[in-house]
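Engineer: Data file data_33.pdb (PDB, C-alpha atoms) is appended below.
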```pdb
ATOM      1  CA  MET V   1     196.905 -60.765  43.445  1.00  0.00           C
ATOM      2  CA  THR V   2     193.950 -58.392  43.419  1.00  0.00           C
ATOM      3  CA  THR V   3     191.159 -59.321  45.829  1.00  0.00           C
ATOM      4  CA  GLU V   4     188.606 -56.758  44.641  1.00  0.00           C
ATOM      5  CA  VAL V   5     187.395 -58.524  41.501  1.00  0.00           C
ATOM      6  CA  THR V   6     184.695 -57.644  39.000  1.00  0.00           C
ATOM      7  CA  THR V   7     182.677 -60.795  38.332  1.00  0.00           C
ATOM      8  CA  VAL V   8     179.620 -61.794  36.328  1.00  0.00           C
ATOM      9  CA  GLY V   9     177.073 -64.570  36.606  1.00  0.00           C
ATOM     10  CA  PRO V  10     176.259 -67.166  33.939  1.00  0.00           C
ATOM     11  CA  ASP V  11     172.922 -65.459  33.255  1.00  0.00           C
ATOM     12  CA  THR V  12     174.437 -62.018  32.554  1.00  0.00           C
ATOM     13  CA  PRO V  13     173.357 -60.748  29.091  1.00  0.00           C
ATOM     14  CA  PHE V  14     175.868 -60.246  26.271  1.00  0.00           C
ATOM     15  CA  LYS V  15     175.457 -56.470  26.106  1.00  0.00           C
ATOM     16  CA  ALA V  16     175.812 -56.088  29.863  1.00  0.00           C
ATOM     17  CA  VAL V  17     179.165 -57.914  29.757  1.00  0.00           C
ATOM     18  CA  ALA V  18     180.408 -55.786  26.872  1.00  0.00           C
ATOM     19  CA  LEU V  19     179.476 -52.609  28.766  1.00  0.00           C
ATOM     20  CA  LEU V  20     181.083 -53.830  31.987  1.00  0.00           C
ATOM     21  CA  LEU V  21     184.413 -54.722  30.368  1.00  0.00           C
ATOM     22  CA  ALA V  22     184.517 -51.391  28.543  1.00  0.00           C
ATOM     23  CA  THR V  23     183.513 -49.355  31.598  1.00  0.00           C
ATOM     24  CA  TRP V  24     186.106 -50.947  33.875  1.00  0.00           C
ATOM     25  CA  ASN V  25     188.710 -51.163  31.097  1.00  0.00           C
ATOM     26  CA  ILE V  26     189.440 -54.825  31.790  1.00  0.00           C
ATOM     27  CA  SER V  27     190.084 -57.653  29.347  1.00  0.00           C
ATOM     28  CA  GLY V  28     187.888 -60.217  31.066  1.00  0.00           C
ATOM     29  CA  ALA V  29     186.012 -61.278  34.182  1.00  0.00           C
ATOM     30  CA  PRO V  30     185.540 -64.528  36.104  1.00  0.00           C
ATOM     31  CA  VAL V  31     182.123 -66.146  35.864  1.00  0.00           C
ATOM     32  CA  VAL V  32     180.886 -67.334  39.261  1.00  0.00           C
ATOM     33  CA  ASP V  33     177.723 -68.942  40.588  1.00  0.00           C
ATOM     34  CA  ASP V  34     175.783 -67.847  43.663  1.00  0.00           C
ATOM     35  CA  ASP V  35     178.203 -69.727  45.934  1.00  0.00           C
ATOM     36  CA  GLY V  36     181.290 -68.057  44.478  1.00  0.00           C
ATOM     37  CA  LEU V  37     182.463 -71.121  42.540  1.00  0.00           C
ATOM     38  CA  VAL V  38     184.352 -70.245  39.365  1.00  0.00           C
ATOM     39  CA  LEU V  39     182.528 -71.624  36.320  1.00  0.00           C
ATOM     40  CA  GLY V  40     184.613 -70.018  33.609  1.00  0.00           C
ATOM     41  CA  VAL V  41     185.951 -66.731  32.280  1.00  0.00           C
ATOM     42  CA  VAL V  42     184.400 -64.329  29.787  1.00  0.00           C
ATOM     43  CA  SER V  43     186.761 -62.038  27.884  1.00  0.00           C
ATOM     44  CA  GLN V  44     186.814 -59.480  25.111  1.00  0.00           C
ATOM     45  CA  GLY V  45     187.961 -62.307  22.848  1.00  0.00           C
ATOM     46  CA  ASP V  46     184.828 -64.306  23.699  1.00  0.00           C
ATOM     47  CA  LEU V  47     182.663 -61.322  22.738  1.00  0.00           C
ATOM     48  CA  LEU V  48     184.475 -60.932  19.423  1.00  0.00           C
ATOM     49  CA  GLU V  49     184.079 -64.637  18.683  1.00  0.00           C
ATOM     50  CA  ARG V  50     180.346 -64.239  19.200  1.00  0.00           C
ATOM     51  CA  GLU V  51     180.202 -61.352  16.711  1.00  0.00           C
ATOM     52  CA  ALA V  52     182.446 -62.970  14.094  1.00  0.00           C
ATOM     53  CA  PRO V  53     182.621 -66.683  14.977  1.00  0.00           C
ATOM     54  CA  HIS V  54     183.668 -67.887  11.542  1.00  0.00           C
ATOM     55  CA  GLY V  55     186.601 -65.527  11.462  1.00  0.00           C
ATOM     56  CA  LEU V  56     188.044 -66.528  14.827  1.00  0.00           C
ATOM     57  CA  LEU V  57     186.843 -70.093  15.388  1.00  0.00           C
ATOM     58  CA  LYS V  58     186.884 -73.192  13.260  1.00  0.00           C
ATOM     59  CA  PRO V  59     183.676 -73.109  11.170  1.00  0.00           C
ATOM     60  CA  GLY V  60     181.158 -75.726  12.238  1.00  0.00           C
ATOM     61  CA  SER V  61     182.898 -76.469  15.504  1.00  0.00           C
ATOM     62  CA  ARG V  62     180.836 -76.967  18.655  1.00  0.00           C
ATOM     63  CA  GLN V  63     182.385 -73.854  20.185  1.00  0.00           C
ATOM     64  CA  ALA V  64     181.596 -71.737  17.095  1.00  0.00           C
ATOM     65  CA  LYS V  65     177.962 -72.874  17.074  1.00  0.00           C
ATOM     66  CA  ARG V  66     177.597 -72.230  20.809  1.00  0.00           C
ATOM     67  CA  LYS V  67     179.004 -68.710  20.659  1.00  0.00           C
ATOM     68  CA  ALA V  68     177.392 -67.692  17.361  1.00  0.00           C
ATOM     69  CA  GLY V  69     173.969 -67.181  18.894  1.00  0.00           C
ATOM     70  CA  ALA V  70     175.017 -66.615  22.488  1.00  0.00           C
ATOM     71  CA  ALA V  71     172.885 -64.116  24.377  1.00  0.00           C
ATOM     72  CA  PHE V  72     174.155 -64.860  27.878  1.00  0.00           C
ATOM     73  CA  VAL V  73     177.509 -65.449  29.561  1.00  0.00           C
ATOM     74  CA  ALA V  74     176.813 -69.158  30.065  1.00  0.00           C
ATOM     75  CA  ASP V  75     177.227 -69.678  26.292  1.00  0.00           C
ATOM     76  CA  LEU V  76     179.907 -67.027  25.792  1.00  0.00           C
ATOM     77  CA  MET V  77     182.404 -67.943  28.478  1.00  0.00           C
ATOM     78  CA  THR V  78     185.483 -70.084  28.088  1.00  0.00           C
ATOM     79  CA  LYS V  79     185.206 -73.143  30.326  1.00  0.00           C
ATOM     80  CA  PRO V  80     186.493 -74.750  32.355  1.00  0.00           C
ATOM     81  CA  ALA V  81     188.449 -71.814  33.740  1.00  0.00           C
ATOM     82  CA  ILE V  82     192.219 -72.057  34.066  1.00  0.00           C
ATOM     83  CA  THR V  83     192.846 -71.144  37.705  1.00  0.00           C
ATOM     84  CA  VAL V  84     195.578 -71.047  40.328  1.00  0.00           C
ATOM     85  CA  ARG V  85     195.456 -71.364  44.091  1.00  0.00           C
ATOM     86  CA  ALA V  86     196.450 -68.611  46.461  1.00  0.00           C
ATOM     87  CA  ASP V  87     199.385 -70.676  47.775  1.00  0.00           C
ATOM     88  CA  ASP V  88     200.742 -71.614  44.322  1.00  0.00           C
ATOM     89  CA  ASP V  89     204.221 -70.430  43.409  1.00  0.00           C
ATOM     90  CA  VAL V  90     204.294 -67.349  41.179  1.00  0.00           C
ATOM     91  CA  THR V  91     206.106 -69.381  38.540  1.00  0.00           C
ATOM     92  CA  VAL V  92     203.002 -71.583  38.180  1.00  0.00           C
ATOM     93  CA  ALA V  93     200.842 -68.556  37.396  1.00  0.00           C
ATOM     94  CA  ALA V  94     203.457 -67.099  35.061  1.00  0.00           C
ATOM     95  CA  LYS V  95     203.689 -70.352  33.101  1.00  0.00           C
ATOM     96  CA  LEU V  96     199.906 -70.606  32.693  1.00  0.00           C
ATOM     97  CA  LEU V  97     199.615 -66.989  31.574  1.00  0.00           C
ATOM     98  CA  GLU V  98     202.316 -67.542  28.976  1.00  0.00           C
ATOM     99  CA  GLU V  99     201.025 -70.922  27.731  1.00  0.00           C
ATOM    100  CA  HIS V 100     197.448 -69.742  27.260  1.00  0.00           C
ATOM    101  CA  HIS V 101     198.240 -66.134  26.281  1.00  0.00           C
ATOM    102  CA  PHE V 102     196.049 -64.853  29.122  1.00  0.00           C
ATOM    103  CA  HIS V 103     196.304 -61.452  30.776  1.00  0.00           C
ATOM    104  CA  ARG V 104     194.899 -62.620  34.126  1.00  0.00           C
ATOM    105  CA  LEU V 105     193.910 -65.759  36.020  1.00  0.00           C
ATOM    106  CA  PRO V 106     191.258 -66.385  38.684  1.00  0.00           C
ATOM    107  CA  VAL V 107     192.674 -67.372  42.073  1.00  0.00           C
ATOM    108  CA  VAL V 108     190.608 -69.929  43.985  1.00  0.00           C
ATOM    109  CA  ASP V 109     190.605 -71.589  47.388  1.00  0.00           C
ATOM    110  CA  ASP V 110     190.509 -75.321  48.100  1.00  0.00           C
ATOM    111  CA  GLU V 111     186.790 -75.449  47.302  1.00  0.00           C
ATOM    112  CA  GLY V 112     187.169 -73.716  43.944  1.00  0.00           C
ATOM    113  CA  LYS V 113     185.686 -70.443  45.177  1.00  0.00           C
ATOM    114  CA  LEU V 114     187.065 -67.160  43.878  1.00  0.00           C
ATOM    115  CA  VAL V 115     189.400 -65.250  46.213  1.00  0.00           C
ATOM    116  CA  GLY V 116     191.073 -62.922  43.714  1.00  0.00           C
ATOM    117  CA  VAL V 117     192.699 -62.438  40.338  1.00  0.00           C
ATOM    118  CA  VAL V 118     196.385 -62.453  39.421  1.00  0.00           C
ATOM    119  CA  SER V 119     197.582 -60.526  36.372  1.00  0.00           C
ATOM    120  CA  ARG V 120     200.806 -60.178  34.435  1.00  0.00           C
ATOM    121  CA  SER V 121     201.464 -56.855  36.154  1.00  0.00           C
ATOM    122  CA  ASP V 122     200.985 -58.510  39.575  1.00  0.00           C
ATOM    123  CA  LEU V 123     203.673 -61.062  38.744  1.00  0.00           C
ATOM    124  CA  LEU V 124     206.079 -58.426  37.492  1.00  0.00           C
ATOM    125  CA  ARG V 125     205.496 -56.385  40.649  1.00  0.00           C
ATOM    126  CA  VAL V 126     206.685 -59.336  42.740  1.00  0.00           C
ATOM    127  CA  PHE V 127     210.126 -59.175  41.172  1.00  0.00           C
ATOM    128  CA  LEU V 128     210.446 -55.452  41.886  1.00  0.00           C
ATOM    129  CA  ARG V 129     211.016 -56.194  45.580  1.00  0.00           C
ATOM    130  CA  THR V 130     214.421 -55.099  46.830  1.00  0.00           C
ATOM    131  CA  ASP V 131     217.065 -57.595  47.918  1.00  0.00           C
ATOM    132  CA  ARG V 132     216.826 -56.110  51.425  1.00  0.00           C
ATOM    133  CA  GLU V 133     213.086 -56.831  51.618  1.00  0.00           C
ATOM    134  CA  ILE V 134     213.617 -60.411  50.459  1.00  0.00           C
ATOM    135  CA  ARG V 135     216.447 -60.985  52.942  1.00  0.00           C
ATOM    136  CA  ASP V 136     214.363 -59.624  55.826  1.00  0.00           C
ATOM    137  CA  GLU V 137     211.482 -61.958  54.964  1.00  0.00           C
ATOM    138  CA  VAL V 138     213.792 -64.972  54.676  1.00  0.00           C
ATOM    139  CA  ARG V 139     215.283 -64.250  58.099  1.00  0.00           C
ATOM    140  CA  ASP V 140     212.175 -63.099  59.981  1.00  0.00           C
ATOM    141  CA  GLU V 141     209.425 -65.186  58.410  1.00  0.00           C
ATOM    142  CA  VAL V 142     211.069 -68.359  57.091  1.00  0.00           C
ATOM    143  CA  LEU V 143     213.902 -68.985  59.537  1.00  0.00           C
ATOM    144  CA  LEU V 144     212.571 -67.400  62.727  1.00  0.00           C
ATOM    145  CA  ARG V 145     208.791 -67.847  62.509  1.00  0.00           C
ATOM    146  CA  GLU V 146     208.328 -70.963  60.354  1.00  0.00           C
ATOM    147  CA  MET V 147     211.476 -72.933  61.216  1.00  0.00           C
ATOM    148  CA  ALA V 148     211.920 -71.618  64.805  1.00  0.00           C
ATOM    149  CA  MET V 149     215.609 -70.992  64.122  1.00  0.00           C
ATOM    150  CA  ASP V 150     217.904 -68.173  65.128  1.00  0.00           C
ATOM    151  CA  PRO V 151     218.410 -66.233  61.842  1.00  0.00           C
ATOM    152  CA  ALA V 152     221.889 -65.268  63.004  1.00  0.00           C
ATOM    153  CA  SER V 153     222.910 -68.934  62.949  1.00  0.00           C
ATOM    154  CA  LEU V 154     223.054 -68.902  59.131  1.00  0.00           C
ATOM    155  CA  TYR V 155     224.664 -66.627  56.596  1.00  0.00           C
ATOM    156  CA  VAL V 156     221.930 -65.199  54.365  1.00  0.00           C
ATOM    157  CA  SER V 157     222.579 -62.900  51.422  1.00  0.00           C
ATOM    158  CA  VAL V 158     220.425 -61.789  48.490  1.00  0.00           C
ATOM    159  CA  HIS V 159     221.665 -60.352  45.218  1.00  0.00           C
ATOM    160  CA  ASN V 160     219.354 -59.684  42.265  1.00  0.00           C
ATOM    161  CA  GLY V 161     216.758 -61.971  43.822  1.00  0.00           C
ATOM    162  CA  ILE V 162     219.197 -64.871  44.253  1.00  0.00           C
ATOM    163  CA  VAL V 163     219.297 -66.106  47.857  1.00  0.00           C
ATOM    164  CA  THR V 164     222.531 -67.631  49.143  1.00  0.00           C
ATOM    165  CA  LEU V 165     222.603 -69.655  52.371  1.00  0.00           C
ATOM    166  CA  ASN V 166     225.623 -70.999  54.244  1.00  0.00           C
ATOM    167  CA  GLY V 167     225.892 -72.674  57.608  1.00  0.00           C
ATOM    168  CA  THR V 168     224.850 -75.672  59.681  1.00  0.00           C
ATOM    169  CA  VAL V 169     221.374 -76.699  60.780  1.00  0.00           C
ATOM    170  CA  GLU V 170     220.342 -79.244  63.366  1.00  0.00           C
ATOM    171  CA  ARG V 171     219.145 -81.996  60.986  1.00  0.00           C
ATOM    172  CA  GLU V 172     219.704 -82.834  57.310  1.00  0.00           C
ATOM    173  CA  SER V 173     215.950 -83.239  56.752  1.00  0.00           C
ATOM    174  CA  MET V 174     215.480 -79.538  57.526  1.00  0.00           C
ATOM    175  CA  ILE V 175     217.470 -78.408  54.491  1.00  0.00           C
ATOM    176  CA  PRO V 176     214.975 -79.192  51.690  1.00  0.00           C
ATOM    177  CA  VAL V 177     212.181 -77.703  53.814  1.00  0.00           C
ATOM    178  CA  ILE V 178     214.089 -74.431  54.291  1.00  0.00           C
ATOM    179  CA  VAL V 179     214.926 -74.223  50.588  1.00  0.00           C
ATOM    180  CA  ALA V 180     211.320 -74.909  49.554  1.00  0.00           C
ATOM    181  CA  LEU V 181     209.970 -72.222  51.896  1.00  0.00           C
ATOM    182  CA  ILE V 182     212.456 -69.649  50.635  1.00  0.00           C
ATOM    183  CA  ARG V 183     211.606 -70.393  47.011  1.00  0.00           C
ATOM    184  CA  ARG V 184     208.027 -69.387  47.795  1.00  0.00           C
ATOM    185  CA  VAL V 185     209.043 -65.946  49.037  1.00  0.00           C
ATOM    186  CA  ASP V 186     207.898 -63.250  46.614  1.00  0.00           C
ATOM    187  CA  GLY V 187     210.764 -61.965  44.495  1.00  0.00           C
ATOM    188  CA  VAL V 188     213.069 -64.962  44.947  1.00  0.00           C
ATOM    189  CA  VAL V 189     214.596 -65.973  41.623  1.00  0.00           C
ATOM    190  CA  GLU V 190     216.840 -68.786  42.810  1.00  0.00           C
ATOM    191  CA  VAL V 191     218.143 -70.387  46.029  1.00  0.00           C
ATOM    192  CA  ARG V 192     221.770 -71.444  46.368  1.00  0.00           C
ATOM    193  CA  HIS V 193     223.106 -73.076  49.511  1.00  0.00           C
ATOM    194  CA  THR V 194     225.904 -75.046  51.120  1.00  0.00           C
ATOM    195  CA  LEU V 195     223.880 -75.996  54.185  1.00  0.00           C
ATOM    196  CA  LYS V 196     224.897 -79.016  56.253  1.00  0.00           C
ATOM    197  CA  GLY V 197     223.125 -80.917  59.007  1.00  0.00           C
ATOM    198  CA  GLN V 198     224.687 -81.809  62.347  1.00  0.00           C
ATOM    199  CA  PHE V 199     222.680 -85.034  62.339  1.00  0.00           C
ATOM    200  CA  ASP V 200     221.821 -87.022  59.218  1.00  0.00           C
ATOM    201  CA  ASP V 201     218.290 -88.197  59.917  1.00  0.00           C
ATOM    202  CA  ARG V 202     217.225 -88.794  56.326  1.00  0.00           C
ATOM    203  CA  GLY V 203     217.270 -92.572  56.641  1.00  0.00           C
ATOM    204  CA  VAL V 204     216.040 -92.797  60.195  1.00  0.00           C
ATOM    205  CA  SER V 205     212.556 -94.230  60.675  1.00  0.00           C
ATOM    206  CA  PRO V 206     210.614 -93.035  63.720  1.00  0.00           C
ATOM    207  CA  VAL V 207     210.106 -95.684  66.390  1.00  0.00           C
ATOM    208  CA  PRO V 208     206.386 -96.279  66.926  1.00  0.00           C
ATOM    209  CA  PRO V 209     205.364 -95.690  70.534  1.00  0.00           C
ATOM    210  CA  GLY V 210     204.519 -98.749  72.566  1.00  0.00           C
ATOM    211  CA  PRO V 211     201.464 -99.225  74.776  1.00  0.00           C
ATOM    212  CA  VAL V 212     201.340 -96.786  77.639  1.00  0.00           C
ATOM    213  CA  GLY V 213     199.979 -97.558  81.074  1.00  0.00           C
ATOM    214  CA  ILE V 214     199.459-101.280  80.405  1.00  0.00           C
ATOM    215  CA  LEU V 215     201.050-103.711  82.841  1.00  0.00           C
ATOM    216  CA  SER V 216     201.294-107.415  82.303  1.00  0.00           C
ATOM    217  CA  SER V 217     199.190-109.514  84.668  1.00  0.00           C
ATOM    218  CA  ARG V 218     201.497-112.468  84.215  1.00  0.00           C
ATOM    219  CA  LYS V 219     203.548-113.327  87.244  1.00  0.00           C
ATOM    220  CA  PRO V 220     207.281-113.638  86.802  1.00  0.00           C
ATOM    221  CA  HIS V 221     208.696-117.124  86.771  1.00  0.00           C
ATOM    222  CA  ASN V 222     210.591-118.178  89.819  1.00  0.00           C
TER
END
```
Can I see the file as structure tokens?

Structural biologist:
Amino acid sequence: MTTEVTTVGPDTPFKAVALLLATWNISGAPVVDDDGLVLGVVSQGDLLEREAPHGLLKPGSRQAKRKAGAAFVADLMTKPAITVRADDDVTVAAKLLEEHHFHRLPVVDDEGKLVGVVSRSDLLRVFLRTDREIRDEVRDEVLLREMAMDPASLYVSVHNGIVTLNGTVERESMIPVIVALIRRVDGVVEVRHTLKGQFDDRGVSPVPPGPVGILSSRKPHN
């Protein structure tokens, strides 16, 4: 994603938005309040709908009436904004861009505040990573750092973005976690594995700890 984002406020005038989009050669900009919360998105399409509402919107609709006389972003913008979170999988962003025919999406944190923008070109750039780069991240970041495993204990190969894993891990419950983490690595297209666990702990319930440091005051029976 891009973290340096051009934004506008809800009280930005129509002409100022048109000039900004043209000057920066961008298709749209997130609309944020003073706290950085994303309120919506204003795009070139929104500006065109304001100029010719009956040609682009259903005549008489609430949206057409709102945009027909809009002088500020608050009435021009599309709301609520379609957003993604920074930790969302790239496939989530790609699906939203395709479904809504957007060129970019605001990226927000857990509080809904803007942290960046992801575009179609950003998503395509992810899949330009080499197989070597992906393999190194799987071994060094996923296996070694996140799972505290010796990367050499598993066979890891990457071909055309497809990650293949073979080998044995300590517990069966670790396998879906490893696969999920690898799927989130930028550039990974698919994960294939024949991993096995030395101990099948999938159906084992943890034993709740008992009271510690409490001794019975009852005397033993003679």

Engineer: Given the file above and the PyMOL selection byres ((chain V and resi 128) around 10), which residues are selected, and can you give them as a VMD selection string?

Structural biologist: chain V and resid 123 to 127 129 to 131 160 to 161 186 to 187

Engineer: Written as a PyMOL selection string, which residues does the PyMOL selection byres ((chain V and resi 185) around 9) give for the file shown?

Structural biologist: chain V and resi 89+134+137-138+142+181-184+186-188

Engineer: May I ask which of the residues V:Val158, V:Ser119, V:Leu195, V:Asp87 is the closest one to V:Asp136, counting all atoms listed in the file?

Structural biologist: V:Val158

Engineer: Distance atom CA of V:Val117-atom CA of V:Glu49, one decimal place?

Structural biologist: 23.4 Å

Engineer: Using all atoms listed in the file, what does the table of stretch 153-185 of chain V residues within 9 Å of stretch 143-149 of chain V look like, with each row giving the shortest atom pair and its distance in Å to one decimal, sorted by chain and ascending number, as a Markdown table?

Structural biologist:
```
| residue | atom | partner | partner_atom | distance |
| --- | --- | --- | --- | --- |
| V:Ser153 | CA | V:Met149 | CA | 7.7 |
| V:Val169 | CA | V:Met149 | CA | 8.8 |
| V:Met174 | CA | V:Met147 | CA | 8.6 |
| V:Val177 | CA | V:Met147 | CA | 8.8 |
| V:Ile178 | CA | V:Met147 | CA | 7.6 |
| V:Leu181 | CA | V:Glu146 | CA | 8.7 |
```

Engineer: As an exercise, work out the distance from atom CA of V:Arg139 to atom CA of V:Gly116 in Å and give it to one decimal place.

Structural biologist: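 We find that atom CA of V:Arg139 and atom CA of V:Gly116 lie 28.2 Å from each other.
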
Engineer: Rebuild stretch 151-160 of chain V so that it carries all heavy atoms, then output the result as a PDB file, in the frame of the given file.

Structural biologist:
```pdb
ATOM      1  N   PRO V 151     217.932 -66.655  63.169  1.00  0.00           N
ATOM      2  CA  PRO V 151     218.410 -66.233  61.842  1.00  0.00           C
ATOM      3  C   PRO V 151     219.905 -65.960  61.797  1.00  0.00           C
ATOM      4  O   PRO V 151     220.538 -66.124  60.753  1.00  0.00           O
ATOM      5  CB  PRO V 151     217.600 -64.943  61.583  1.00  0.00           C
ATOM      6  CG  PRO V 151     216.405 -65.064  62.455  1.00  0.00           C
ATOM      7  CD  PRO V 151     216.863 -65.795  63.677  1.00  0.00           C
ATOM      8  N   ALA V 152     220.466 -65.575  62.953  1.00  0.00           N
ATOM      9  CA  ALA V 152     221.889 -65.268  63.004  1.00  0.00           C
ATOM     10  C   ALA V 152     222.758 -66.516  62.902  1.00  0.00           C
ATOM     11  O   ALA V 152     223.975 -66.418  62.703  1.00  0.00           O
ATOM     12  CB  ALA V 152     222.219 -64.515  64.293  1.00  0.00           C
ATOM     13  N   SER V 153     222.139 -67.697  63.005  1.00  0.00           N
ATOM     14  CA  SER V 153     222.910 -68.934  62.949  1.00  0.00           C
ATOM     15  C   SER V 153     223.327 -69.297  61.523  1.00  0.00           C
ATOM     16  O   SER V 153     224.174 -70.170  61.324  1.00  0.00           O
ATOM     17  CB  SER V 153     222.106 -70.091  63.555  1.00  0.00           C
ATOM     18  OG  SER V 153     220.939 -70.358  62.769  1.00  0.00           O
ATOM     19  N   LEU V 154     222.718 -68.638  60.526  1.00  0.00           N
ATOM     20  CA  LEU V 154     223.054 -68.902  59.131  1.00  0.00           C
ATOM     21  C   LEU V 154     223.464 -67.611  58.436  1.00  0.00           C
ATOM     22  O   LEU V 154     222.998 -66.527  58.788  1.00  0.00           O
ATOM     23  CB  LEU V 154     221.849 -69.509  58.386  1.00  0.00           C
ATOM     24  CG  LEU V 154     221.316 -70.856  58.865  1.00  0.00           C
ATOM     25  CD1 LEU V 154     220.135 -71.268  57.996  1.00  0.00           C
ATOM     26  CD2 LEU V 154     222.403 -71.919  58.831  1.00  0.00           C
ATOM     27  N   TYR V 155     224.316 -67.764  57.440  1.00  0.00           N
ATOM     28  CA  TYR V 155     224.664 -66.627  56.596  1.00  0.00           C
ATOM     29  C   TYR V 155     223.622 -66.537  55.481  1.00  0.00           C
ATOM     30  O   TYR V 155     223.403 -67.494  54.753  1.00  0.00           O
ATOM     31  CB  TYR V 155     226.059 -66.820  55.994  1.00  0.00           C
ATOM     32  CG  TYR V 155     226.403 -65.820  54.917  1.00  0.00           C
ATOM     33  CD1 TYR V 155     226.831 -64.541  55.249  1.00  0.00           C
ATOM     34  CD2 TYR V 155     226.277 -66.163  53.574  1.00  0.00           C
ATOM     35  CE1 TYR V 155     227.144 -63.613  54.260  1.00  0.00           C
ATOM     36  CE2 TYR V 155     226.575 -65.248  52.576  1.00  0.00           C
ATOM     37  CZ  TYR V 155     227.012 -63.973  52.923  1.00  0.00           C
ATOM     38  OH  TYR V 155     227.304 -63.056  51.944  1.00  0.00           O
ATOM     39  N   VAL V 156     222.967 -65.397  55.376  1.00  0.00           N
ATOM     40  CA  VAL V 156     221.930 -65.199  54.365  1.00  0.00           C
ATOM     41  C   VAL V 156     222.252 -63.930  53.578  1.00  0.00           C
ATOM     42  O   VAL V 156     222.388 -62.850  54.157  1.00  0.00           O
ATOM     43  CB  VAL V 156     220.529 -65.048  54.992  1.00  0.00           C
ATOM     44  CG1 VAL V 156     219.475 -64.880  53.894  1.00  0.00           C
ATOM     45  CG2 VAL V 156     220.205 -66.231  55.879  1.00  0.00           C
ATOM     46  N   SER V 157     222.378 -64.067  52.267  1.00  0.00           N
ATOM     47  CA  SER V 157     222.579 -62.900  51.422  1.00  0.00           C
ATOM     48  C   SER V 157     221.663 -62.992  50.215  1.00  0.00           C
ATOM     49  O   SER V 157     221.293 -64.086  49.790  1.00  0.00           O
ATOM     50  CB  SER V 157     224.043 -62.785  50.964  1.00  0.00           C
ATOM     51  OG  SER V 157     224.360 -63.812  50.039  1.00  0.00           O
ATOM     52  N   VAL V 158     221.303 -61.841  49.668  1.00  0.00           N
ATOM     53  CA  VAL V 158     220.425 -61.789  48.490  1.00  0.00           C
ATOM     54  C   VAL V 158     221.001 -60.785  47.506  1.00  0.00           C
ATOM     55  O   VAL V 158     221.287 -59.644  47.865  1.00  0.00           O
ATOM     56  CB  VAL V 158     218.985 -61.369  48.861  1.00  0.00           C
ATOM     57  CG1 VAL V 158     218.096 -61.407  47.623  1.00  0.00           C
ATOM     58  CG2 VAL V 158     218.421 -62.266  49.948  1.00  0.00           C
ATOM     59  N   HIS V 159     221.158 -61.235  46.273  1.00  0.00           N
ATOM     60  CA  HIS V 159     221.665 -60.352  45.218  1.00  0.00           C
ATOM     61  C   HIS V 159     220.873 -60.605  43.943  1.00  0.00           C
ATOM     62  O   HIS V 159     220.852 -61.728  43.430  1.00  0.00           O
ATOM     63  CB  HIS V 159     223.158 -60.600  44.970  1.00  0.00           C
ATOM     64  CG  HIS V 159     223.743 -59.713  43.915  1.00  0.00           C
ATOM     65  ND1 HIS V 159     223.835 -58.340  44.065  1.00  0.00           N
ATOM     66  CD2 HIS V 159     224.261 -59.990  42.695  1.00  0.00           C
ATOM     67  CE1 HIS V 159     224.374 -57.821  42.975  1.00  0.00           C
ATOM     68  NE2 HIS V 159     224.640 -58.797  42.123  1.00  0.00           N
ATOM     69  N   ASN V 160     220.195 -59.562  43.467  1.00  0.00           N
ATOM     70  CA  ASN V 160     219.354 -59.684  42.265  1.00  0.00           C
ATOM     71  C   ASN V 160     218.319 -60.801  42.391  1.00  0.00           C
ATOM     72  O   ASN V 160     218.019 -61.506  41.434  1.00  0.00           O
ATOM     73  CB  ASN V 160     220.213 -59.916  41.018  1.00  0.00           C
ATOM     74  CG  ASN V 160     221.022 -58.688  40.640  1.00  0.00           C
ATOM     75  OD1 ASN V 160     220.636 -57.556  40.936  1.00  0.00           O
ATOM     76  ND2 ASN V 160     222.156 -58.901  39.993  1.00  0.00           N
TER      77      ASN V 160
END
```
